[in-house]
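The file data_23.pdb contains PDB, C-alpha atoms and all ligand atoms:
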ATOM      1  CA  MET S  69      51.497 -22.293 221.474
ATOM      2  CA  ALA S  70      51.353 -22.468 217.723
ATOM      3  CA  GLY S  71      50.520 -19.454 215.605
ATOM      4  CA  ARG S  72      46.958 -18.620 214.675
ATOM      5  CA  GLU S  73      46.279 -18.124 210.998
ATOM      6  CA  VAL S  74      45.028 -14.655 210.185
ATOM      7  CA  HIS S  75      44.441 -14.510 206.511
ATOM      8  CA  ARG S  76      45.575 -15.695 203.137
ATOM      9  CA  ALA S  77      46.285 -13.241 200.427
ATOM     10  CA  SER S  78      45.756 -13.537 196.694
ATOM     11  CA  CYS S  79      43.753 -16.698 197.003
ATOM     12  CA  PRO S  80      40.364 -16.975 195.379
ATOM     13  CA  ARG S  81      37.045 -16.116 196.933
ATOM     14  CA  ARG S  82      36.876 -16.463 200.694
ATOM     15  CA  GLU S  83      40.605 -15.971 201.191
ATOM     16  CA  ALA S  84      40.567 -12.947 198.949
ATOM     17  CA  ARG S  85      37.913 -11.391 201.142
ATOM     18  CA  GLU S  86      39.985 -12.117 204.211
ATOM     19  CA  THR S  87      42.955 -10.376 202.639
ATOM     20  CA  ALA S  88      40.824  -7.310 202.333
ATOM     21  CA  ILE S  89      41.019  -7.060 206.131
ATOM     22  CA  LEU S  90      44.214  -5.106 205.694
ATOM     23  CA  GLY S  91      43.961  -4.232 202.043
ATOM     24  CA  TYR S  92      47.057  -6.138 200.922
ATOM     25  CA  SER S  93      47.206  -8.531 198.025
ATOM     26  CA  LEU S  94      50.284 -10.648 198.565
ATOM     27  CA  ASP S  95      50.636 -14.350 198.127
ATOM     28  CA  LEU S  96      51.296 -14.770 201.811
ATOM     29  CA  LYS S  97      49.818 -16.445 204.869
ATOM     30  CA  VAL S  98      50.158 -14.567 208.125
ATOM     31  CA  PHE S  99      50.041 -16.413 211.443
ATOM     32  CA  LEU S 100      49.755 -14.819 214.867
ATOM     33  CA  LYS S 101      51.587 -15.967 217.960
ATOM     34  CA  ASP S 102      49.120 -14.759 220.542
ATOM     35  CA  GLU S 103      50.996 -13.757 223.697
ATOM     36  CA  SER S 104      47.888 -12.328 225.380
ATOM     37  CA  GLN S 105      47.398 -15.900 226.605
ATOM     38  CA  GLN S 106      50.464 -15.691 228.850
ATOM     39  CA  LEU S 107      49.923 -15.507 232.601
ATOM     40  CA  GLY S 108      50.250 -11.792 233.239
ATOM     41  CA  ARG S 109      48.319 -11.072 230.032
ATOM     42  CA  SER S 110      51.207 -10.277 227.663
ATOM     43  CA  VAL S 111      54.571 -11.433 226.358
ATOM     44  CA  LYS S 112      56.068  -9.673 229.381
ATOM     45  CA  GLY S 113      54.670 -12.412 231.607
ATOM     46  CA  ARG S 114      57.660 -14.486 230.511
ATOM     47  CA  VAL S 115      60.364 -12.167 231.820
ATOM     48  CA  ALA S 116      58.200 -11.114 234.776
ATOM     49  CA  TYR S 117      58.201 -14.727 235.968
ATOM     50  CA  ALA S 118      62.012 -14.894 235.886
ATOM     51  CA  MET S 119      62.366 -11.521 237.609
ATOM     52  CA  ALA S 120      59.851 -12.386 240.355
ATOM     53  CA  LYS S 121      61.639 -15.668 240.998
ATOM     54  CA  ARG S 122      64.908 -13.819 241.440
ATOM     55  CA  SER S 123      63.249 -11.326 243.768
ATOM     56  CA  ARG S 124      61.921 -14.096 245.965
ATOM     57  CA  GLU S 125      65.249 -15.943 246.028
ATOM     58  CA  SER S 126      67.219 -12.828 246.937
ATOM     59  CA  GLY S 127      64.608 -11.475 249.329
ATOM     60  CA  ARG S 128      64.902  -8.071 247.615
ATOM     61  CA  GLN S 129      61.935  -6.036 246.484
ATOM     62  CA  ILE S 130      61.733  -5.265 242.767
ATOM     63  CA  VAL S 131      61.751  -1.739 241.393
ATOM     64  CA  GLU S 132      61.159  -1.384 237.652
ATOM     65  CA  SER S 133      60.187   1.161 235.046
ATOM     66  CA  SER S 134      57.313  -0.010 232.875
ATOM     67  CA  SER S 135      54.758   1.223 230.400
ATOM     68  CA  GLY S 136      52.277  -1.213 231.974
ATOM     69  CA  ASN S 137      52.588  -4.768 230.720
ATOM     70  CA  LEU S 138      55.786  -5.660 232.556
ATOM     71  CA  ALA S 139      54.379  -4.187 235.785
ATOM     72  CA  LEU S 140      51.226  -6.254 235.361
ATOM     73  CA  GLY S 141      53.278  -9.401 234.902
ATOM     74  CA  LEU S 142      55.444  -8.545 237.898
ATOM     75  CA  GLY S 143      52.430  -7.933 240.136
ATOM     76  CA  TYR S 144      50.915 -11.225 239.056
ATOM     77  CA  TRP S 145      54.062 -13.309 239.468
ATOM     78  CA  CYS S 146      55.356 -11.696 242.663
ATOM     79  CA  ARG S 147      52.061 -12.464 244.354
ATOM     80  CA  LYS S 148      51.951 -15.976 242.942
ATOM     81  CA  LEU S 149      55.541 -16.817 243.932
ATOM     82  CA  GLY S 150      55.387 -15.064 247.304
ATOM     83  CA  ALA S 151      57.895 -12.300 246.490
ATOM     84  CA  ALA S 152      57.548  -8.753 247.841
ATOM     85  CA  GLU S 153      55.093  -6.494 246.017
ATOM     86  CA  PRO S 154      56.979  -4.814 243.153
ATOM     87  CA  LEU S 155      57.467  -1.051 243.096
ATOM     88  CA  CYS S 156      56.485  -0.018 239.575
ATOM     89  CA  LEU S 157      57.450   3.330 238.056
ATOM     90  CA  ILE S 158      54.729   4.212 235.584
ATOM     91  CA  ASP S 159      54.404   7.346 233.497
ATOM     92  CA  GLU S 160      51.457   9.615 233.896
ATOM     93  CA  CYS S 161      50.066   8.871 230.428
ATOM     94  CA  CYS S 162      49.295   5.296 231.476
ATOM     95  CA  GLU S 163      45.659   4.350 230.872
ATOM     96  CA  GLU S 164      43.389   4.362 233.960
ATOM     97  CA  SER S 165      42.270   0.818 233.215
ATOM     98  CA  MET S 166      45.892  -0.360 233.343
ATOM     99  CA  LEU S 167      46.546   1.520 236.609
ATOM    100  CA  GLY S 168      43.469  -0.152 238.125
ATOM    101  CA  ALA S 169      44.664  -3.596 237.061
ATOM    102  CA  LEU S 170      48.144  -2.921 238.474
ATOM    103  CA  SER S 171      46.657  -2.119 241.880
ATOM    104  CA  GLU S 172      44.534  -5.242 241.759
ATOM    105  CA  VAL S 173      47.537  -7.500 241.262
ATOM    106  CA  GLY S 174      49.354  -5.820 244.143
ATOM    107  CA  CYS S 175      51.827  -3.491 242.422
ATOM    108  CA  ILE S 176      52.977  -0.486 244.383
ATOM    109  CA  ILE S 177      52.630   2.256 241.817
ATOM    110  CA  GLU S 178      54.714   5.406 241.595
ATOM    111  CA  VAL S 179      53.349   7.611 238.833
ATOM    112  CA  VAL S 180      56.148   9.669 237.282
ATOM    113  CA  PRO S 181      54.960  13.095 236.064
ATOM    114  CA  LEU S 182      55.920  14.264 232.595
ATOM    115  CA  THR S 183      56.677  17.688 231.165
ATOM    116  CA  ARG S 184      54.925  18.654 227.947
ATOM    117  CA  ARG S 185      58.141  18.036 226.057
ATOM    118  CA  GLU S 186      58.629  14.596 227.614
ATOM    119  CA  GLN S 187      55.091  13.749 226.597
ATOM    120  CA  GLN S 188      55.698  14.887 223.030
ATOM    121  CA  GLU S 189      59.040  13.136 222.718
ATOM    122  CA  GLN S 190      57.976  10.046 224.635
ATOM    123  CA  SER S 191      61.094  10.536 226.724
ATOM    124  CA  GLY S 192      59.655  10.055 230.227
ATOM    125  CA  VAL S 193      61.365   6.670 230.223
ATOM    126  CA  PHE S 194      64.714   8.401 231.012
ATOM    127  CA  LYS S 195      63.205   9.851 234.174
ATOM    128  CA  ARG S 196      61.792   6.466 235.173
ATOM    129  CA  ILE S 197      65.133   4.766 234.598
ATOM    130  CA  SER S 198      66.945   7.366 236.650
ATOM    131  CA  ARG S 199      64.483   6.890 239.532
ATOM    132  CA  ALA S 200      64.889   3.125 239.291
ATOM    133  CA  LYS S 201      68.674   3.571 239.575
ATOM    134  CA  ASN S 202      68.212   5.645 242.722
ATOM    135  CA  TYR S 203      66.049   2.965 244.281
ATOM    136  CA  ALA S 204      68.606   0.318 243.295
ATOM    137  CA  GLU S 205      71.282   2.277 245.184
ATOM    138  CA  ARG S 206      69.043   2.028 248.232
ATOM    139  CA  GLY S 207      68.901  -1.781 248.033
ATOM    140  CA  TYR S 208      65.986  -2.541 245.728
ATOM    141  CA  TYR S 209      66.428  -5.192 243.066
ATOM    142  CA  TRP S 210      66.256  -3.445 239.660
ATOM    143  CA  PRO S 211      65.977  -6.062 236.889
ATOM    144  CA  ASN S 212      66.584  -3.338 234.245
ATOM    145  CA  GLN S 213      64.475  -4.682 231.424
ATOM    146  CA  TYR S 214      66.332  -2.520 228.873
ATOM    147  CA  ASP S 215      69.830  -3.697 229.562
ATOM    148  CA  CYS S 216      70.255  -7.194 230.957
ATOM    149  CA  PRO S 217      71.031 -10.237 228.792
ATOM    150  CA  ASP S 218      69.087 -12.496 231.172
ATOM    151  CA  TRP S 219      65.820 -11.198 229.706
ATOM    152  CA  ILE S 220      66.986 -11.975 226.176
ATOM    153  CA  ARG S 221      67.818 -15.458 227.397
ATOM    154  CA  VAL S 222      64.254 -15.976 228.659
ATOM    155  CA  HIS S 223      63.005 -15.538 225.091
ATOM    156  CA  GLN S 224      65.886 -17.560 223.701
ATOM    157  CA  GLU S 225      64.808 -20.437 225.941
ATOM    158  CA  THR S 226      61.005 -20.110 225.661
ATOM    159  CA  THR S 227      59.480 -17.912 222.943
ATOM    160  CA  GLY S 228      62.123 -18.772 220.368
ATOM    161  CA  PRO S 229      62.037 -22.571 220.688
ATOM    162  CA  GLU S 230      58.219 -22.497 220.585
ATOM    163  CA  ILE S 231      58.464 -20.837 217.190
ATOM    164  CA  TRP S 232      61.311 -22.899 215.785
ATOM    165  CA  ARG S 233      59.756 -26.192 216.962
ATOM    166  CA  ASP S 234      56.479 -25.351 215.272
ATOM    167  CA  SER S 235      55.571 -27.961 212.696
ATOM    168  CA  ARG S 236      55.115 -25.138 210.202
ATOM    169  CA  THR S 237      58.117 -23.293 208.926
ATOM    170  CA  TYR S 238      58.084 -19.560 208.456
ATOM    171  CA  ASP S 239      59.883 -17.411 205.905
ATOM    172  CA  VAL S 240      59.521 -14.391 208.150
ATOM    173  CA  VAL S 241      59.085 -13.830 211.885
ATOM    174  CA  ALA S 242      58.082 -10.283 212.819
ATOM    175  CA  GLY S 243      57.530  -8.540 216.129
ATOM    176  CA  ALA S 244      57.275  -5.147 217.773
ATOM    177  CA  VAL S 245      60.361  -3.914 219.601
ATOM    178  CA  GLY S 246      60.358  -2.153 222.971
ATOM    179  CA  THR S 247      63.388  -3.314 224.933
ATOM    180  CA  GLY S 248      64.224  -5.683 222.073
ATOM    181  CA  ALA S 249      64.508  -8.746 224.313
ATOM    182  CA  THR S 250      61.735 -10.678 222.579
ATOM    183  CA  MET S 251      63.070 -10.330 219.040
ATOM    184  CA  SER S 252      66.723 -10.717 220.093
ATOM    185  CA  GLY S 253      65.969 -13.927 222.005
ATOM    186  CA  VAL S 254      63.857 -15.342 219.179
ATOM    187  CA  ALA S 255      66.621 -14.557 216.675
ATOM    188  CA  LEU S 256      69.303 -16.171 218.849
ATOM    189  CA  ALA S 257      67.219 -19.328 219.197
ATOM    190  CA  GLN S 258      66.989 -19.922 215.455
ATOM    191  CA  PRO S 259      68.829 -23.186 214.761
ATOM    192  CA  ALA S 260      72.090 -22.844 212.836
ATOM    193  CA  GLY S 261      71.472 -22.737 209.111
ATOM    194  CA  GLY S 262      67.878 -21.506 209.592
ATOM    195  CA  ARG S 263      66.704 -19.256 206.800
ATOM    196  CA  THR S 264      63.820 -17.445 208.471
ATOM    197  CA  ARG S 265      64.180 -13.690 208.170
ATOM    198  CA  LEU S 266      63.631 -11.570 211.292
ATOM    199  CA  VAL S 267      61.662  -8.352 210.963
ATOM    200  CA  ALA S 268      61.772  -5.810 213.800
ATOM    201  CA  VAL S 269      59.043  -3.191 213.929
ATOM    202  CA  GLU S 270      58.833   0.095 215.816
ATOM    203  CA  PRO S 271      56.328   2.945 215.754
ATOM    204  CA  ASN S 272      57.110   6.059 213.758
ATOM    205  CA  GLY S 273      58.576   8.499 216.333
ATOM    206  CA  SER S 274      60.474   5.835 218.271
ATOM    207  CA  THR S 275      64.239   5.936 217.747
ATOM    208  CA  ILE S 276      65.330   2.400 218.547
ATOM    209  CA  PHE S 277      66.505   2.135 214.969
ATOM    210  CA  SER S 278      64.975   5.172 213.288
ATOM    211  CA  LYS S 279      66.294   8.718 213.468
ATOM    212  CA  GLN S 280      63.264  10.987 213.657
ATOM    213  CA  PRO S 281      61.919  11.344 217.222
ATOM    214  CA  GLY S 282      58.260  12.135 217.731
ATOM    215  CA  ALA S 283      55.054  11.228 219.517
ATOM    216  CA  TYR S 284      53.246   7.940 218.953
ATOM    217  CA  ARG S 285      50.364   6.135 220.617
ATOM    218  CA  VAL S 286      51.202   2.474 220.081
ATOM    219  CA  ALA S 287      51.432   0.989 223.564
ATOM    220  CA  GLY S 288      54.347  -1.024 224.917
ATOM    221  CA  ALA S 289      56.573  -0.815 221.836
ATOM    222  CA  GLY S 290      59.106   1.833 220.861
ATOM    223  CA  ASN S 291      61.625   3.820 222.861
ATOM    224  CA  PRO S 292      63.522   7.106 222.479
ATOM    225  CA  PHE S 293      66.888   5.259 222.520
ATOM    226  CA  THR S 294      68.370   1.903 221.498
ATOM    227  CA  PRO S 295      68.212  -0.473 224.468
ATOM    228  CA  GLN S 296      71.170  -2.836 224.904
ATOM    229  CA  ASN S 297      68.719  -5.735 224.749
ATOM    230  CA  TYR S 298      67.946  -4.945 221.127
ATOM    231  CA  ARG S 299      70.515  -6.824 219.009
ATOM    232  CA  ARG S 300      70.270  -5.046 215.667
ATOM    233  CA  GLU S 301      72.834  -7.253 214.007
ATOM    234  CA  LEU S 302      70.468 -10.232 214.331
ATOM    235  CA  MET S 303      67.646  -8.620 212.333
ATOM    236  CA  ASP S 304      67.159  -8.860 208.580
ATOM    237  CA  SER S 305      64.821  -5.920 208.311
ATOM    238  CA  GLU S 306      63.755  -2.974 210.450
ATOM    239  CA  VAL S 307      60.457  -1.305 209.697
ATOM    240  CA  THR S 308      58.853   1.820 211.095
ATOM    241  CA  ILE S 309      55.070   2.103 211.020
ATOM    242  CA  GLU S 310      52.915   5.184 211.512
ATOM    243  CA  ASP S 311      50.173   5.101 214.167
ATOM    244  CA  SER S 312      47.381   5.570 211.667
ATOM    245  CA  ALA S 313      48.310   2.297 209.944
ATOM    246  CA  SER S 314      48.750   0.408 213.242
ATOM    247  CA  PHE S 315      45.463   1.528 214.755
ATOM    248  CA  GLY S 316      43.655   1.142 211.436
ATOM    249  CA  ALA S 317      44.915  -2.451 211.249
ATOM    250  CA  ALA S 318      43.983  -3.104 214.892
ATOM    251  CA  ARG S 319      40.435  -1.896 214.217
ATOM    252  CA  SER S 320      40.110  -3.925 211.017
ATOM    253  CA  LEU S 321      41.410  -7.054 212.725
ATOM    254  CA  ARG S 322      38.977  -6.512 215.589
ATOM    255  CA  ALA S 323      36.119  -6.140 213.191
ATOM    256  CA  ALA S 324      37.198  -9.486 211.748
ATOM    257  CA  GLY S 325      37.127 -11.062 215.220
ATOM    258  CA  LEU S 326      40.826 -10.873 216.108
ATOM    259  CA  ALA S 327      41.446  -8.842 219.258
ATOM    260  CA  ILE S 328      45.052  -7.760 219.075
ATOM    261  CA  GLY S 329      46.696  -4.692 220.576
ATOM    262  CA  SER S 330      48.105  -1.763 218.636
ATOM    263  CA  SER S 331      51.652  -3.114 218.910
ATOM    264  CA  GLY S 332      50.624  -6.501 217.474
ATOM    265  CA  ALA S 333      48.693  -4.812 214.680
ATOM    266  CA  MET S 334      51.737  -2.640 213.990
ATOM    267  CA  ALA S 335      53.863  -5.786 213.722
ATOM    268  CA  VAL S 336      51.382  -7.325 211.250
ATOM    269  CA  VAL S 337      51.594  -4.209 209.068
ATOM    270  CA  GLY S 338      55.379  -4.248 209.448
ATOM    271  CA  ALA S 339      55.580  -7.856 208.297
ATOM    272  CA  LEU S 340      53.420  -7.147 205.252
ATOM    273  CA  ARG S 341      55.469  -4.114 204.293
ATOM    274  CA  ALA S 342      58.802  -5.853 204.847
ATOM    275  CA  VAL S 343      57.956  -8.790 202.624
ATOM    276  CA  LYS S 344      58.445  -6.852 199.412
ATOM    277  CA  GLY S 345      61.881  -5.592 200.397
ATOM    278  CA  LEU S 346      63.188  -8.965 201.592
ATOM    279  CA  GLY S 347      63.351 -10.600 198.182
ATOM    280  CA  GLY S 348      63.097 -14.331 197.594
ATOM    281  CA  GLU S 349      59.923 -16.254 198.145
ATOM    282  CA  VAL S 350      57.961 -15.336 201.241
ATOM    283  CA  LYS S 351      54.894 -17.533 201.702
ATOM    284  CA  ARG S 352      54.419 -17.670 205.445
ATOM    285  CA  ALA S 353      54.955 -15.024 208.071
ATOM    286  CA  LEU S 354      54.590 -15.413 211.822
ATOM    287  CA  VAL S 355      53.835 -12.268 213.796
ATOM    288  CA  ILE S 356      54.414 -12.153 217.537
ATOM    289  CA  VAL S 357      51.425 -10.371 219.064
ATOM    290  CA  ALA S 358      52.479  -9.024 222.463
ATOM    291  CA  ASP S 359      48.985  -8.533 223.887
ATOM    292  CA  ASP S 360      45.321  -8.083 223.013
ATOM    293  CA  GLY S 361      45.261  -4.363 223.835
ATOM    294  CA  TRP S 362      42.538  -4.799 226.481
ATOM    295  CA  TYR S 363      43.528  -1.484 228.132
ATOM    296  CA  GLU S 364      43.867   0.577 224.971
ATOM    297  CA  PRO S 365      41.370   2.851 223.256
ATOM    298  CA  ILE S 366      41.612   1.380 219.753
TER     299      ILE S 366
HETATM  300  C1  LIG E 401      52.416  -4.350 223.906
HETATM  301  C2  LIG E 401      53.866  -4.618 223.759
HETATM  302  N1  LIG E 401      54.409  -4.714 222.539
HETATM  303  C3  LIG E 401      55.722  -4.949 222.377
HETATM  304  C4  LIG E 401      56.566  -5.090 223.438
HETATM  305  C5  LIG E 401      58.029  -5.268 223.173
HETATM  306  O1  LIG E 401      58.667  -6.324 223.772
HETATM  307  P1  LIG E 401      60.227  -6.226 224.062
HETATM  308  O2  LIG E 401      60.381  -5.291 225.238
HETATM  309  O3  LIG E 401      60.648  -7.603 224.387
HETATM  310  O4  LIG E 401      60.896  -5.670 222.859
HETATM  311  C6  LIG E 401      56.034  -5.002 224.718
HETATM  312  C7  LIG E 401      56.865  -5.101 225.878
HETATM  313  O5  LIG E 401      56.499  -4.676 226.955
HETATM  314  C8  LIG E 401      54.657  -4.760 224.886
HETATM  315  O6  LIG E 401      54.117  -4.630 226.111
END
Would you write the structure of this file as structure tokens?
Amino acid sequence: MAGREVHRASCPRREARETAILGYSLDLKVFLKDESQQLGRSVKGRVAYAMAKRSRESGRQIVESSSGNLALGLGYWCRKLGAAEPLCLIDECCEESMLGALSEVGCIIEVVPLTRREQQEQSGVFKRISRAKNYAERGYYWPNQYDCPDWIRVHQETTGPEIWRDSRTYDVVAGAVGTGATMSGVALAQPAGGRTRLVAVEPNGSTIFSKQPGAYRVAGAGNPFTPQNYRRELMDSEVTIEDSASFGAARSLRAAGLAIGSSGAMAVVGALRAVKGLGGEVKRALVIVADDGWYEPI
């Protein structure tokens, strides 16, 4: 799937108007890699397929902690491949529309309650991981999306090559980071000698690579810790974006006819901001858009 062109900046007339979508004036073309087209409705469909396959082969039922998209992919693929229905640990802030979709695809949902503090610090994920570990001790198959190199490999073998085989070449590839598997796999797949710079983006308040913990609303991206699947050393730039900019960009892009979720919009803003700091000529950026945000109030 090749990238979709979003806008050109600093070009005359029509292109200049398009640039105004996000209010930047850079001599840069931004392309979107639209992962909402994946089966399972997001970039997580890729790893969900591999996990569901393993569940079917081993005959063990999956348990996994998810903010929604991975669970949706797991429900879809487990049903499709004939694996047991996955047990999905979801935090109580999950949107109703997402919970409804998870039931429809056959997920068994365990909603994990959050204290006020956990809500503020976005730290409910620790509770979900600890529950997943308990289930794993009782025989469930826990893929552990945060810490298992197999999920990096999925992106190294699929997402990455799709980008690097593209007939266009990119100066920058940017993407939101949650577990880090997408960006790590894409970075590892870059052919030796490749000069494309990798830009990792997280929401302000997430501490994957930033220091200041806090609340944020961007869905699917960010974490209150650095997952093992995020390979920092492979990135050229790490950018933190505040919610107001991410949601503002998502709304502007929607108004321009591009339905992308808050995490994809955050990654677009991250790419635009990173360009200045990267130095050298940056003419084309590819942004990995994890989903279209169908479940989010944007
Ligand atoms: C909306 C959204 N953005 C970004 C990501 C981050 O992907 P990764 O976990 O590979 O870093 C995810 C993953 O679930 C997601 O659902």
Practice prompt. Report the residues retrieved by the PyMOL selection byres (((not hetatm)) within 8 of (chain E and resi 401)) from the displayed file, expressed as a ChimeraX atom specification.
Written response: /S:110-112,134-138,213-214,220,243-251,286-290,298,329-332,357-359,361
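Residues matching the PyMOL selection byres (((chain S and resi 260-264) around 8) and not hetatm) in this structure come to Tyr238, Asp239, Val240, Val241, Gln258, Pro259, Arg265 and Leu266 of chain S.
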Discussion item. If the PyMOL selection byres (((chain S and resi 155) around 8) and not hetatm) were run on this exact file, what residues would it hold? Put them as a ChimeraX atom specification.
Written reply: /S:129-132,153-154,156-157,175-178
Discussion item. Using only C-alpha atoms, list the residues that have an atom at most 9 Å from (53.4, -8.6, 232.8), coordinates as in the file, as a list in words.
Written reply: Gln106, Leu107, Gly108, Arg109, Ser110, Val111, Lys112, Gly113, Arg114, Val115, Ala116, Tyr117, Gly136, Asn137, Leu138, Ala139, Leu140, Gly141, Leu142, Gly143, Tyr144 and Trp145 of chain S
Residues just named, written with C-alpha atoms as a PDB file, in the coordinates of the input:
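What ended up in part-v2.pdb:
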ATOM      1  CA  GLN S 106      50.464 -15.691 228.850  1.00  0.00           C
ATOM      2  CA  LEU S 107      49.923 -15.507 232.601  1.00  0.00           C
ATOM      3  CA  GLY S 108      50.250 -11.792 233.239  1.00  0.00           C
ATOM      4  CA  ARG S 109      48.319 -11.072 230.032  1.00  0.00           C
ATOM      5  CA  SER S 110      51.207 -10.277 227.663  1.00  0.00           C
ATOM      6  CA  VAL S 111      54.571 -11.433 226.358  1.00  0.00           C
ATOM      7  CA  LYS S 112      56.068  -9.673 229.381  1.00  0.00           C
ATOM      8  CA  GLY S 113      54.670 -12.412 231.607  1.00  0.00           C
ATOM      9  CA  ARG S 114      57.660 -14.486 230.511  1.00  0.00           C
ATOM     10  CA  VAL S 115      60.364 -12.167 231.820  1.00  0.00           C
ATOM     11  CA  ALA S 116      58.200 -11.114 234.776  1.00  0.00           C
ATOM     12  CA  TYR S 117      58.201 -14.727 235.968  1.00  0.00           C
ATOM     13  CA  GLY S 136      52.277  -1.213 231.974  1.00  0.00           C
ATOM     14  CA  ASN S 137      52.588  -4.768 230.720  1.00  0.00           C
ATOM     15  CA  LEU S 138      55.786  -5.660 232.556  1.00  0.00           C
ATOM     16  CA  ALA S 139      54.379  -4.187 235.785  1.00  0.00           C
ATOM     17  CA  LEU S 140      51.226  -6.254 235.361  1.00  0.00           C
ATOM     18  CA  GLY S 141      53.278  -9.401 234.902  1.00  0.00           C
ATOM     19  CA  LEU S 142      55.444  -8.545 237.898  1.00  0.00           C
ATOM     20  CA  GLY S 143      52.430  -7.933 240.136  1.00  0.00           C
ATOM     21  CA  TYR S 144      50.915 -11.225 239.056  1.00  0.00           C
ATOM     22  CA  TRP S 145      54.062 -13.309 239.468  1.00  0.00           C
TER      23      TRP S 145
END
Response to the item:
Between S:Ala283, S:Val343, S:Ile366, S:Val254, smallest distance to Gln188 (chain S) by all atoms listed in the file belongs to S:Ala283
Fill in: Residue contacts of region 345-348 of chain S (9 Å, only C-alpha atoms) excluding same-chain residues fewer than 2 positions away, as a ChimeraX atom specification
/S:265,304-305,341-343,350
Discussion item. Need the shell around region 333-338 of chain S: protein/DNA/RNA residues with any atom at most 10 Å away, counting all atoms listed in the file. Skip same-chain ones fewer than 6 positions apart. Format as a ChimeraX atom specification?
Written reply: /S:74,90,92,98-100,241-245,267-271,286,289,305-322,327,353-361
Write the residues you've just listed into a file as an mmCIF file, in the coordinates of the input, and include C-alpha atoms for each of them.
data_model
loop_
_atom_site.group_PDB
_atom_site.id
_atom_site.type_symbol
_atom_site.label_atom_id
_atom_site.label_comp_id
_atom_site.auth_asym_id
_atom_site.auth_seq_id
_atom_site.Cartn_x
_atom_site.Cartn_y
_atom_site.Cartn_z
ATOM 1 C CA VAL S 74 45.028 -14.655 210.185
ATOM 2 C CA LEU S 90 44.214 -5.106 205.694
ATOM 3 C CA TYR S 92 47.057 -6.138 200.922
ATOM 4 C CA VAL S 98 50.158 -14.567 208.125
ATOM 5 C CA PHE S 99 50.041 -16.413 211.443
ATOM 6 C CA LEU S 100 49.755 -14.819 214.867
ATOM 7 C CA VAL S 241 59.085 -13.830 211.885
ATOM 8 C CA ALA S 242 58.082 -10.283 212.819
ATOM 9 C CA GLY S 243 57.530 -8.540 216.129
ATOM 10 C CA ALA S 244 57.275 -5.147 217.773
ATOM 11 C CA VAL S 245 60.361 -3.914 219.601
ATOM 12 C CA VAL S 267 61.662 -8.352 210.963
ATOM 13 C CA ALA S 268 61.772 -5.810 213.800
ATOM 14 C CA VAL S 269 59.043 -3.191 213.929
ATOM 15 C CA GLU S 270 58.833 0.095 215.816
ATOM 16 C CA PRO S 271 56.328 2.945 215.754
ATOM 17 C CA VAL S 286 51.202 2.474 220.081
ATOM 18 C CA ALA S 289 56.573 -0.815 221.836
ATOM 19 C CA SER S 305 64.821 -5.920 208.311
ATOM 20 C CA GLU S 306 63.755 -2.974 210.450
ATOM 21 C CA VAL S 307 60.457 -1.305 209.697
ATOM 22 C CA THR S 308 58.853 1.820 211.095
ATOM 23 C CA ILE S 309 55.070 2.103 211.020
ATOM 24 C CA GLU S 310 52.915 5.184 211.512
ATOM 25 C CA ASP S 311 50.173 5.101 214.167
ATOM 26 C CA SER S 312 47.381 5.570 211.667
ATOM 27 C CA ALA S 313 48.310 2.297 209.944
ATOM 28 C CA SER S 314 48.750 0.408 213.242
ATOM 29 C CA PHE S 315 45.463 1.528 214.755
ATOM 30 C CA GLY S 316 43.655 1.142 211.436
ATOM 31 C CA ALA S 317 44.915 -2.451 211.249
ATOM 32 C CA ALA S 318 43.983 -3.104 214.892
ATOM 33 C CA ARG S 319 40.435 -1.896 214.217
ATOM 34 C CA SER S 320 40.110 -3.925 211.017
ATOM 35 C CA LEU S 321 41.410 -7.054 212.725
ATOM 36 C CA ARG S 322 38.977 -6.512 215.589
ATOM 37 C CA ALA S 327 41.446 -8.842 219.258
ATOM 38 C CA ALA S 353 54.955 -15.024 208.071
ATOM 39 C CA LEU S 354 54.590 -15.413 211.822
ATOM 40 C CA VAL S 355 53.835 -12.268 213.796
ATOM 41 C CA ILE S 356 54.414 -12.153 217.537
ATOM 42 C CA VAL S 357 51.425 -10.371 219.064
ATOM 43 C CA ALA S 358 52.479 -9.024 222.463
ATOM 44 C CA ASP S 359 48.985 -8.533 223.887
ATOM 45 C CA ASP S 360 45.321 -8.083 223.013
ATOM 46 C CA GLY S 361 45.261 -4.363 223.835
#
Item to complete: Quick one: residues within 12 Å of (60.9, 10.3, 232.0) (file frame), counting only C-alpha atoms, please, as a ChimeraX atom specification.
Response: /S:133-135,157-161,179-200,291-292
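Closest approach to Tyr363 (chain S) among S:Gly150, S:Ala323, S:Ile328, S:Ser252 is made by S:Ile328 (distances from all atoms listed in the file).
Nearest-residue note for Tyr208 (chain S): choosing from S:Gln105, S:Leu96, S:Ser126, S:Ala339, the minimum distance belongs to S:Ser126, counting all atoms listed in the file.
With distances restricted to only C-alpha atoms, S:Ile231 is the closest residue to Asp102 (chain S) from S:Leu167, S:Leu302, S:Val222, S:Ile231.
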